[in-house]
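Below is the file upload.cif, which contains mmCIF, C-alpha atoms.
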data_entry
loop_
_atom_site.label_atom_id
_atom_site.label_comp_id
_atom_site.auth_asym_id
_atom_site.auth_seq_id
_atom_site.Cartn_x
_atom_site.Cartn_y
_atom_site.Cartn_z
CA MET K 1 10.23 37.94 9.81
CA ALA K 2 9.42 34.25 10.12
CA ALA K 3 8.70 32.27 6.96
CA ILE K 4 5.43 30.33 6.99
CA LEU K 5 5.52 27.23 4.77
CA LYS K 6 2.13 26.26 3.39
CA LEU K 7 0.81 23.27 1.46
CA SER K 8 1.02 24.12 -2.22
CA LYS K 9 -0.53 22.28 -5.16
CA LEU K 10 1.53 19.30 -6.32
CA TYR K 11 -0.60 18.90 -9.47
CA GLU K 12 -3.40 20.81 -11.17
CA ASN K 13 -6.56 19.47 -9.49
CA MET K 14 -5.09 18.65 -6.08
CA ASP K 15 -6.97 20.14 -3.12
CA GLU K 16 -5.61 18.31 -0.07
CA ALA K 17 -2.84 16.06 1.23
CA THR K 18 -2.05 13.90 4.22
CA VAL K 19 0.86 14.99 6.41
CA GLY K 20 3.44 12.24 6.72
CA HIS K 21 6.40 11.88 9.07
CA TRP K 22 8.07 15.11 10.23
CA GLN K 23 11.84 14.90 9.88
CA VAL K 24 12.39 17.92 12.17
CA GLU K 25 11.09 19.19 15.49
CA VAL K 26 10.44 22.60 17.02
CA GLY K 27 13.67 24.29 18.01
CA GLN K 28 15.79 22.45 15.48
CA THR K 29 18.07 24.45 13.18
CA VAL K 30 17.64 23.74 9.47
CA LYS K 31 19.33 24.86 6.28
CA GLN K 32 17.64 25.87 3.05
CA GLY K 33 16.79 22.69 1.14
CA ASP K 34 16.63 20.43 4.21
CA LEU K 35 13.80 17.89 4.19
CA LEU K 36 11.04 18.85 6.61
CA VAL K 37 8.08 16.51 6.08
CA GLU K 38 6.56 13.97 3.68
CA LEU K 39 3.26 14.84 2.01
CA ILE K 40 0.88 12.22 0.61
CA ALA K 41 -1.66 13.22 -2.04
CA ASP K 42 -4.00 11.05 -4.10
CA LYS K 43 -1.75 11.01 -7.16
CA THR K 44 1.73 11.53 -5.78
CA ASN K 45 3.98 11.77 -2.74
CA ALA K 46 6.26 14.75 -2.19
CA GLU K 47 8.79 16.09 0.28
CA LEU K 48 8.53 19.61 1.71
CA GLU K 49 11.93 21.29 1.89
CA ALA K 50 12.94 24.32 3.87
CA THR K 51 12.77 27.44 1.67
CA VAL K 52 14.97 29.38 4.10
CA GLY K 53 17.49 28.58 6.79
CA GLY K 54 16.78 29.14 10.48
CA VAL K 55 15.08 27.59 13.48
CA VAL K 56 11.81 25.64 13.30
CA LEU K 57 9.54 27.90 15.36
CA ALA K 58 6.32 25.90 15.10
CA ILE K 59 4.75 22.83 13.48
CA TYR K 60 1.08 23.48 12.80
CA ALA K 61 0.05 20.27 11.02
CA GLN K 62 0.22 17.00 12.93
CA GLU K 63 1.31 13.72 11.36
CA LYS K 64 -1.49 11.79 9.58
CA SER K 65 -3.73 14.87 9.47
CA LEU K 66 -5.49 15.67 6.18
CA VAL K 67 -5.07 19.35 5.32
CA PRO K 68 -6.17 21.52 2.37
CA VAL K 69 -4.00 23.45 -0.05
CA GLY K 70 -2.91 26.71 1.57
CA TYR K 71 -2.79 25.27 5.09
CA ALA K 72 0.17 26.55 7.14
CA LEU K 73 2.41 23.57 7.91
CA CYS K 74 5.28 25.10 9.86
CA ALA K 75 7.22 28.30 10.50
CA ILE K 76 10.97 28.95 10.27
CA GLY K 77 12.65 32.05 11.69
CA LYS K 78 15.46 33.43 13.78
CA PRO K 79 16.44 32.00 17.19
CA GLY K 80 14.22 33.50 19.90
CA GLU K 81 11.67 34.81 17.41
CA ALA K 82 8.01 34.26 18.30
CA ALA K 83 6.10 31.77 16.17
CA PRO K 84 3.33 33.37 14.08
CA ASP K 85 -0.18 32.59 15.30
CA VAL K 86 -1.97 31.04 12.32
CA ARG K 87 -4.58 29.02 14.18
CA LYS K 88 -7.54 31.13 13.07
CA GLN K 89 -6.51 31.13 9.41
CA ASN K 90 -5.90 27.37 9.47
CA GLU K 91 -9.19 26.62 11.23
CA GLU K 92 -11.18 28.80 8.80
CA LEU K 93 -9.47 27.22 5.79
CA LEU K 94 -10.04 23.70 7.14
CA ALA K 95 -13.70 24.38 7.96
CA SER K 96 -14.33 25.81 4.51
CA HIS K 97 -12.61 22.88 2.83
CA ASN K 98 -14.46 20.26 4.88
CA GLN K 99 -17.79 21.99 4.31
CA GLU K 100 -17.24 21.95 0.56
CA ALA K 101 -15.94 18.37 0.46
CA SER K 102 -18.40 16.65 2.79
CA GLY K 103 -21.53 18.74 2.63
CA GLY K 104 -21.08 19.78 6.27
CA ILE K 105 -22.13 16.77 8.34
CA ASP K 106 -23.03 18.55 11.57
CA LEU K 107 -21.99 17.01 14.85
CA SER K 108 -23.53 19.72 17.01
CA SER K 109 -26.61 17.55 17.60
CA LEU K 110 -24.36 15.17 19.51
CA GLY K 111 -23.71 17.86 22.09
CA LEU K 112 -20.08 18.22 21.10
CA GLY K 113 -20.03 21.62 19.47
CA SER K 114 -19.53 23.86 22.50
CA ALA K 115 -16.27 24.47 24.27
CA GLY K 116 -16.04 22.78 27.63
CA SER K 117 -13.91 20.56 29.77
CA ASP K 118 -13.99 17.60 27.37
CA PRO K 119 -10.42 16.64 26.42
CA ALA K 120 -11.18 16.13 22.71
CA PRO K 121 -14.01 18.38 21.38
CA ALA K 122 -15.32 17.22 18.03
CA LYS K 123 -15.04 19.30 14.91
CA ALA K 124 -18.03 20.71 13.06
CA SER K 125 -17.78 18.15 10.28
CA PHE K 126 -15.90 15.02 9.39
CA ARG K 127 -14.85 12.89 6.48
CA ALA K 128 -13.89 9.22 6.40
CA ALA K 129 -11.20 7.30 4.53
CA PRO K 130 -12.42 4.43 2.31
CA ALA K 131 -10.87 1.82 4.61
CA ALA K 132 -12.66 3.40 7.60
CA LYS K 133 -16.00 3.31 5.78
CA ALA K 134 -15.59 -0.32 4.76
CA PHE K 135 -14.48 -1.41 8.24
CA ALA K 136 -17.29 0.54 9.92
CA ARG K 137 -19.87 -1.13 7.64
CA GLN K 138 -18.34 -4.52 8.39
CA LYS K 139 -18.57 -3.92 12.15
CA GLY K 140 -21.96 -2.14 12.10
CA VAL K 141 -20.54 1.09 13.49
CA GLU K 142 -21.86 4.61 12.86
CA LEU K 143 -19.03 6.80 11.61
CA SER K 144 -20.56 9.83 13.33
CA ASP K 145 -20.07 8.02 16.66
CA VAL K 146 -16.44 7.36 15.77
CA ALA K 147 -15.92 11.00 14.75
CA ALA K 148 -17.40 12.14 18.06
CA PHE K 149 -15.16 9.69 19.91
CA CYS K 150 -11.89 10.67 18.25
CA GLY K 151 -12.62 14.35 17.57
CA ARG K 152 -10.99 14.33 14.15
CA GLU K 153 -11.95 15.96 10.87
CA MET K 154 -10.74 12.84 9.01
CA VAL K 155 -11.72 9.44 10.36
CA HIS K 156 -9.34 6.56 9.60
CA ARG K 157 -9.67 2.81 10.12
CA LYS K 158 -7.46 3.07 13.24
CA ASP K 159 -10.04 5.44 14.76
CA VAL K 160 -12.77 2.84 14.19
CA GLU K 161 -10.56 0.17 15.79
CA ASP K 162 -9.88 2.43 18.80
CA TYR K 163 -13.60 3.17 19.12
CA LEU K 164 -14.48 -0.53 19.11
CA ALA K 165 -11.72 -1.25 21.63
CA SER K 166 -13.14 1.40 23.97
CA LYS K 167 -16.58 -0.18 23.79
CA SER K 168 -15.36 -3.71 24.42
CA SER K 169 -13.03 -2.88 27.33
CA PRO K 170 -14.59 -4.38 30.47
CA THR K 171 -14.73 -2.51 33.76
CA PRO K 172 -11.66 -3.62 35.71
CA ALA K 173 -12.35 -5.94 38.65
CA PRO K 174 -10.79 -5.35 42.08
CA ALA K 175 -7.14 -6.27 42.00
CA PRO K 176 -6.45 -9.76 43.42
CA ALA K 177 -3.68 -10.53 45.81
CA PRO K 178 -0.21 -10.33 44.27
CA ALA K 179 0.75 -13.46 42.33
CA PRO K 180 3.94 -14.58 40.65
CA ALA K 181 4.59 -12.66 37.47
CA ALA K 182 3.42 -14.35 34.28
CA PRO K 183 4.23 -13.56 30.68
CA VAL K 184 2.04 -10.78 29.32
CA ALA K 185 0.37 -11.61 26.01
CA SER K 186 1.17 -9.09 23.31
CA ALA K 187 -1.55 -7.42 21.24
CA ALA K 188 -2.90 -9.55 18.43
CA PRO K 189 -1.19 -8.72 15.14
CA VAL K 190 -3.14 -6.91 12.46
CA ALA K 191 -4.76 -9.31 9.98
CA ARG K 192 -3.09 -8.36 6.70
CA ILE K 193 -4.82 -8.55 3.33
CA ALA K 194 -2.97 -9.41 0.11
CA LEU K 195 -4.08 -8.92 -3.48
CA VAL K 196 -2.56 -11.57 -5.74
CA THR K 197 -3.08 -11.02 -9.46
CA GLY K 198 -3.20 -13.99 -11.80
CA ALA K 199 -3.97 -16.13 -8.77
CA THR K 200 -5.29 -19.19 -10.62
CA GLY K 201 -1.96 -20.00 -12.31
CA GLY K 202 0.71 -22.29 -10.93
CA ILE K 203 2.85 -19.61 -9.27
CA GLY K 204 -0.10 -17.36 -8.35
CA SER K 205 -2.05 -20.10 -6.59
CA ALA K 206 1.07 -21.21 -4.70
CA ILE K 207 1.63 -17.64 -3.53
CA ALA K 208 -1.98 -17.32 -2.39
CA ARG K 209 -1.80 -20.59 -0.43
CA LYS K 210 1.52 -19.68 1.20
CA LEU K 211 0.36 -16.24 2.31
CA ALA K 212 -2.88 -17.73 3.63
CA SER K 213 -0.85 -20.26 5.65
CA LYS K 214 0.75 -17.24 7.35
CA GLY K 215 -2.66 -15.88 8.35
CA VAL K 216 -2.92 -13.33 5.53
CA GLY K 217 -6.37 -12.75 4.03
CA ILE K 218 -6.38 -13.14 0.25
CA ALA K 219 -7.98 -11.22 -2.61
CA LEU K 220 -7.78 -13.62 -5.56
CA HIS K 221 -7.72 -11.90 -8.93
CA TYR K 222 -8.48 -13.88 -12.06
CA ARG K 223 -9.43 -13.08 -15.63
CA ARG K 224 -11.25 -16.12 -17.07
CA ASP K 225 -11.13 -19.27 -14.93
CA SER K 226 -13.88 -18.62 -12.37
CA SER K 227 -14.09 -22.32 -11.47
CA ALA K 228 -10.42 -22.49 -10.48
CA ALA K 229 -10.71 -19.20 -8.58
CA GLU K 230 -13.74 -20.31 -6.57
CA SER K 231 -12.15 -23.68 -5.81
CA LEU K 232 -8.98 -22.02 -4.54
CA CYS K 233 -11.04 -19.51 -2.56
CA ALA K 234 -12.92 -22.32 -0.81
CA GLU K 235 -9.61 -24.04 -0.03
CA ILE K 236 -8.17 -20.88 1.51
CA ARG K 237 -11.29 -20.17 3.54
CA GLY K 238 -10.93 -23.69 4.88
CA MET K 239 -7.56 -22.57 6.27
CA GLY K 240 -9.39 -20.11 8.51
CA VAL K 241 -8.58 -16.85 6.74
CA ALA K 242 -10.67 -14.40 4.74
CA CYS K 243 -10.72 -14.82 0.98
CA GLU K 244 -12.65 -13.22 -1.88
CA THR K 245 -12.44 -13.57 -5.66
CA PHE K 246 -12.22 -10.64 -8.07
CA GLN K 247 -12.66 -10.98 -11.83
CA ALA K 248 -11.10 -8.32 -14.03
CA ASP K 249 -9.46 -7.82 -17.39
CA LEU K 250 -6.67 -5.59 -16.13
CA THR K 251 -5.67 -4.48 -19.63
CA ASN K 252 -9.06 -2.89 -20.28
CA THR K 253 -8.37 0.84 -20.71
CA GLU K 254 -11.99 1.98 -21.09
CA THR K 255 -12.12 2.53 -17.32
CA ASP K 256 -9.47 2.62 -14.60
CA VAL K 257 -10.02 -1.06 -13.92
CA CYS K 258 -6.90 -1.35 -11.72
CA LYS K 259 -8.16 1.34 -9.35
CA GLU K 260 -11.60 -0.22 -9.40
CA LEU K 261 -10.04 -3.54 -8.38
CA VAL K 262 -8.11 -1.99 -5.50
CA ASP K 263 -11.21 -0.09 -4.32
CA ALA K 264 -13.24 -3.31 -4.45
CA VAL K 265 -10.66 -5.17 -2.36
CA VAL K 266 -10.70 -2.45 0.31
CA ALA K 267 -14.50 -2.33 0.28
CA ARG K 268 -14.97 -6.10 0.61
CA LEU K 269 -12.00 -7.03 2.81
CA GLY K 270 -11.58 -3.80 4.76
CA ARG K 271 -7.96 -3.01 3.86
CA LEU K 272 -5.06 -3.78 1.53
CA ASP K 273 -1.53 -4.36 2.84
CA ILE K 274 0.22 -6.52 0.26
CA LEU K 275 0.20 -6.36 -3.53
CA VAL K 276 1.69 -9.23 -5.53
CA ASN K 277 1.89 -8.33 -9.22
CA ASN K 278 2.00 -11.86 -10.58
CA ALA K 279 -0.28 -11.76 -13.64
CA GLY K 280 1.54 -11.83 -16.95
CA ILE K 281 1.38 -13.06 -20.54
CA LEU K 282 3.64 -14.39 -23.29
CA ASN K 283 3.17 -13.43 -26.93
CA ASP K 284 6.25 -14.75 -28.69
CA ALA K 285 7.69 -13.93 -32.10
CA THR K 286 11.03 -13.12 -33.63
CA VAL K 287 11.67 -9.39 -33.60
CA SER K 288 11.50 -9.16 -37.39
CA PHE K 289 8.00 -10.63 -37.45
CA MET K 290 6.62 -9.29 -34.17
CA SER K 291 3.48 -7.18 -34.68
CA ASP K 292 2.71 -3.92 -32.90
CA GLU K 293 -0.17 -5.68 -31.17
CA GLN K 294 2.14 -8.41 -29.83
CA TRP K 295 4.57 -5.81 -28.52
CA ASP K 296 1.94 -3.46 -27.08
CA SER K 297 -0.24 -6.12 -25.45
CA THR K 298 2.75 -7.78 -23.77
CA LEU K 299 4.05 -4.51 -22.33
CA ALA K 300 0.54 -3.50 -21.30
CA MET K 301 -0.01 -6.64 -19.22
CA ASN K 302 3.51 -7.14 -17.87
CA LEU K 303 4.51 -3.52 -17.21
CA SER K 304 1.62 -1.05 -17.45
CA VAL K 305 -0.78 -3.09 -15.31
CA PRO K 306 1.69 -3.34 -12.38
CA PHE K 307 2.20 0.44 -12.65
CA ARG K 308 -1.53 1.13 -12.47
CA LEU K 309 -2.04 -1.25 -9.56
CA VAL K 310 0.82 0.31 -7.61
CA ARG K 311 -0.52 3.77 -8.38
CA ALA K 312 -3.89 2.77 -6.93
CA SER K 313 -2.67 0.77 -3.92
CA GLY K 314 0.40 2.79 -2.98
CA MET K 315 -1.69 5.56 -1.42
CA VAL K 316 -3.75 3.03 0.56
CA MET K 317 -0.57 1.54 2.00
CA ALA K 318 1.07 4.93 2.59
CA ARG K 319 -1.88 6.11 4.67
CA GLN K 320 -1.53 2.96 6.80
CA ARG K 321 2.24 3.57 7.07
CA TRP K 322 2.73 -0.11 6.15
CA GLY K 323 2.72 -2.02 2.90
CA ARG K 324 4.50 -4.61 0.80
CA ILE K 325 4.72 -4.67 -2.99
CA VAL K 326 6.21 -7.73 -4.67
CA ASN K 327 6.56 -7.67 -8.45
CA ILE K 328 7.13 -10.97 -10.23
CA THR K 329 9.73 -10.31 -12.92
CA SER K 330 11.78 -12.87 -14.88
CA ASP K 331 15.34 -13.81 -15.58
CA ALA K 332 14.33 -13.60 -19.24
CA GLY K 333 14.79 -9.86 -18.76
CA ARG K 334 18.18 -10.17 -17.06
CA MET K 335 19.60 -12.65 -19.56
CA GLY K 336 17.65 -11.80 -22.70
CA SER K 337 15.38 -14.29 -24.40
CA ALA K 338 15.34 -15.04 -28.13
CA ASN K 339 11.91 -14.74 -29.78
CA ARG K 340 10.64 -13.07 -26.62
CA SER K 341 12.02 -9.52 -26.76
CA ASN K 342 8.67 -7.98 -25.80
CA TYR K 343 8.42 -10.10 -22.64
CA ALA K 344 12.07 -9.57 -21.70
CA ALA K 345 11.77 -5.80 -22.18
CA ALA K 346 8.64 -5.60 -20.06
CA LYS K 347 10.07 -7.70 -17.23
CA GLU K 348 13.34 -5.76 -17.10
CA GLY K 349 11.33 -2.55 -17.20
CA LEU K 350 9.50 -3.84 -14.15
CA VAL K 351 12.86 -4.08 -12.38
CA GLY K 352 13.55 -0.38 -12.89
CA PHE K 353 10.00 0.43 -11.84
CA THR K 354 10.43 -1.61 -8.64
CA ARG K 355 13.62 0.17 -7.66
CA SER K 356 12.07 3.58 -8.35
CA ILE K 357 8.94 3.04 -6.26
CA ALA K 358 11.08 1.55 -3.49
CA ARG K 359 12.84 4.90 -3.20
CA GLU K 360 9.57 6.84 -3.33
CA LEU K 361 7.67 4.80 -0.75
CA ALA K 362 10.34 3.71 1.76
CA GLY K 363 9.77 6.69 4.04
CA LEU K 364 6.07 5.86 4.17
CA GLY K 365 6.54 2.35 5.53
CA VAL K 366 6.04 0.63 2.16
CA ARG K 367 8.62 -1.83 0.84
CA ALA K 368 8.88 -2.82 -2.83
CA ASN K 369 10.90 -5.75 -4.14
CA ALA K 370 10.97 -8.04 -7.15
CA VAL K 371 11.20 -11.82 -7.38
CA SER K 372 12.78 -13.03 -10.61
CA PRO K 373 12.13 -16.72 -11.30
CA GLY K 374 13.98 -18.76 -13.87
CA PHE K 375 12.36 -21.99 -15.10
CA VAL K 376 9.48 -23.13 -12.86
CA GLU K 377 7.46 -26.34 -12.95
CA THR K 378 4.15 -24.93 -14.23
CA SER K 379 1.84 -25.47 -17.19
CA MET K 380 4.11 -23.17 -19.21
CA THR K 381 7.06 -25.57 -18.92
CA ALA K 382 5.02 -28.78 -18.92
CA GLY K 383 5.07 -28.91 -22.72
CA LEU K 384 8.85 -28.93 -23.05
CA SER K 385 10.27 -32.00 -24.77
CA GLU K 386 12.42 -34.35 -22.73
CA LYS K 387 15.47 -33.40 -24.80
CA ARG K 388 14.90 -29.66 -24.27
CA ARG K 389 14.35 -30.20 -20.56
CA ALA K 390 17.56 -32.26 -20.29
CA ASP K 391 19.50 -29.56 -22.13
CA LEU K 392 18.20 -26.92 -19.75
CA TYR K 393 18.98 -29.03 -16.70
CA ARG K 394 22.61 -29.15 -17.80
CA GLU K 395 22.71 -25.33 -17.80
CA ILE K 396 21.23 -25.07 -14.29
CA PRO K 397 23.70 -25.89 -11.49
CA CYS K 398 20.88 -27.29 -9.32
CA ARG K 399 19.91 -29.56 -12.22
CA ARG K 400 16.15 -29.00 -11.97
CA PHE K 401 13.40 -26.39 -12.33
CA ALA K 402 12.02 -24.46 -9.37
CA ARG K 403 8.82 -25.57 -7.69
CA PRO K 404 6.04 -22.94 -7.46
CA GLU K 405 6.11 -23.34 -3.67
CA GLU K 406 9.74 -22.18 -3.58
CA VAL K 407 8.83 -18.97 -5.38
CA ALA K 408 5.86 -18.56 -3.03
CA SER K 409 8.03 -18.89 0.07
CA LEU K 410 10.27 -16.06 -1.08
CA VAL K 411 7.24 -13.87 -1.85
CA ALA K 412 5.78 -14.61 1.58
CA PHE K 413 9.01 -13.56 3.28
CA LEU K 414 9.17 -10.29 1.31
CA SER K 415 5.54 -9.68 2.31
CA SER K 416 6.22 -10.07 6.02
CA GLU K 417 7.38 -7.94 8.94
CA GLU K 418 10.73 -9.74 8.83
CA SER K 419 11.61 -8.09 5.50
CA ASP K 420 11.25 -4.53 6.78
CA TYR K 421 14.87 -3.61 5.99
CA ILE K 422 14.75 -5.01 2.46
CA THR K 423 13.52 -2.78 -0.36
CA GLY K 424 14.38 -2.12 -3.99
CA GLN K 425 15.92 -5.57 -4.39
CA VAL K 426 15.60 -8.05 -7.24
CA ILE K 427 16.05 -11.63 -6.06
CA SER K 428 16.46 -14.42 -8.59
CA ILE K 429 15.24 -17.91 -7.84
CA ASN K 430 16.73 -19.93 -10.65
CA GLY K 431 18.95 -22.70 -9.29
CA GLY K 432 22.08 -20.79 -10.30
CA LEU K 433 21.17 -20.37 -13.99
CA CYS K 434 22.01 -16.68 -13.75
CA MET K 435 24.44 -15.39 -11.13
#

Go ahead and render the structure in this file as structure tokens.
Amino acid sequence: MAAILKLSKLYENMDEATVGHWQVEVGQTVKQGDLLVELIADKTNAELEATVGGVVLAIYAQEKSLVPVGYALCAIGKPGEAAPDVRKQNEELLASHNQEASGGIDLSSLGLGSAGSDPAPAKASFRAAPAAKAFARQKGVELSDVAAFCGREMVHRKDVEDYLASKSSPTPAPAPAPAPAAPVASAAPVARIALVTGATGGIGSAIARKLASKGVGIALHYRRDSSAAESLCAEIRGMGVACETFQADLTNTETDVCKELVDAVVARLGRLDILVNNAGILNDATVSFMSDEQWDSTLAMNLSVPFRLVRASGMVMARQRWGRIVNITSDAGRMGSANRSNYAAAKEGLVGFTRSIARELAGLGVRANAVSPGFVETSMTAGLSEKRRADLYREIPCRRFARPEEVASLVAFLSSEESDYITGQVISINGGLCM
């Protein structure tokens, strides 16, 4: 008898998941333990493995579909065995789940409820992803119209884009006489949006400017300096790209401020493609005299905040099947740094975190890397004495500090399409100080 593999709970209060990329196809022979498909839930990603060996008889859940717990995903059985018919059970389960989750927004009034010759009959109800809602509001589009157009239970931003494209497509004119072939313009690239934390500092502002110069819209995060943030925002808007400022104390644990920040970026800018975890603090002391507060606050800002931001944004990127995460670490972690053990520990911890999420998210189109600067010409190094600076120059083969723009250029590359085969890497930019 064929084995039917269903979506099971990945954590206690989970009720649904998005189906990722199928690694198998109908008719393929699999062994017990083989990877079948990626599943994307709000709090985690998981891989569904074959519980038995045999032939894949059917795949019931399509890629990018949102399905409830208990939904039949696929069937595995013996060669020549008929695939179980689970359509009724799946449809009833999906209808019940959507009714409970969305309050049953009825599309029957649109004349789409009855069976007919239409190629894509609409479902009885629909739900919309946050990015779809934000984009629809931005474009003045009714989501019910989009749901009717695409015939999906779950409306995504891509459905809104397809709907708008269908409305703007002109009626083709009669074909002219044949002419010499000309280059065909490719489709305009998607306008990416990047969230840069700590964007008013020397490195953060350089990163924001560099990404904006590449046509990337910018979400500027800052904590205190609203004047610097608004000035930088105006400068970036002058470059012809979208830019918004976002104030937040990311270490505030009274609410999930990191998720609130990510949600605000998606709501105001329509999407989030790139996360640059740049914000950080120093709180120096010798280990013998370092207080718990100095230790805890430094790890909270430099390690826990990047974790919470990745937790919130990783799902947004995974659902888009594209994303870039760049964590700014430090060679203080690689080399060790006297009187700065809290900072060094946090930054090296961020390296392990980067490599771990790179493995988790690679199959979902998200790349994660770390940039590890050495000494950089910023306000933090401006106070060094001439003697100390000369001593450091002698230790650096390139005999100078990095410029913020050099760090920004590396971040921009790791945030681009060109870096698609690079993930889980830690790249130092230190003039040869550490090799």

Could you list the residues chosen by the PyMOL selection byres ((chain K and resi 62-67) around 6) in this structure as a PDB file with C-alpha atoms, in the coordinates of the input?
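Listed below is the output, part-v6.pdb:
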ATOM      1  CA  GLU K  16      -5.610  18.310  -0.070  1.00  0.00           C
ATOM      2  CA  ALA K  17      -2.840  16.060   1.230  1.00  0.00           C
ATOM      3  CA  THR K  18      -2.050  13.900   4.220  1.00  0.00           C
ATOM      4  CA  VAL K  19       0.860  14.990   6.410  1.00  0.00           C
ATOM      5  CA  GLY K  20       3.440  12.240   6.720  1.00  0.00           C
ATOM      6  CA  HIS K  21       6.400  11.880   9.070  1.00  0.00           C
ATOM      7  CA  ALA K  61       0.050  20.270  11.020  1.00  0.00           C
ATOM      8  CA  PRO K  68      -6.170  21.520   2.370  1.00  0.00           C
TER       9      PRO K  68
END

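Every protein, DNA or RNA residue with an atom at most 6 Å from segment 212-228 of chain K, where only C-alpha atoms count and chain neighbours fewer than 3 positions away do not, is listed here: Arg192, Ile193, Ala194, Leu195, Val196, Thr197, Gly198, Ala199, Arg209, Ser231, Val241, Ala242, Cys243, Glu244, Thr245, Phe246, Gln247, Ala248 and Asp249 of chain K.
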
What do you get, as an NGL selection string, if you spell out every residue that the PyMOL selection byres ((chain K and resi 40-51) around 9) selects here? :K and (3 or 5 or 7 or 10-11 or 14-20 or 30-39 or 52-53 or 76 or 311-312 or 315 or 318-319 or 360-361 or 364)

Would you mind telling me which residue in K:Ala128, K:Ile422, K:Ala58, K:Ala134 lies nearest to Ala147 of chain K when using only C-alpha atoms?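 Under the stated criterion, the closest residue is K:Ala128.
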
The PyMOL selection byres ((chain K and resi 329) around 6) - which residues does that actually catch in the file I just gave you? List them as a VMD selection string. chain K and resid 328 330 347 371 to 372

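The residue set within 9 Å of Arg87 of chain K, counting all atoms listed in the file and dropping same-chain residues fewer than 4 places from it, reads Tyr60, Ala72, Glu91 and Glu92 of chain K.
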
For atom CA of Lys167 of chain K and atom CA of Gln138 of chain K, the interatomic separation in Å (one decimal):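 Rounded to one decimal, the two atoms are 16.1 Å apart.
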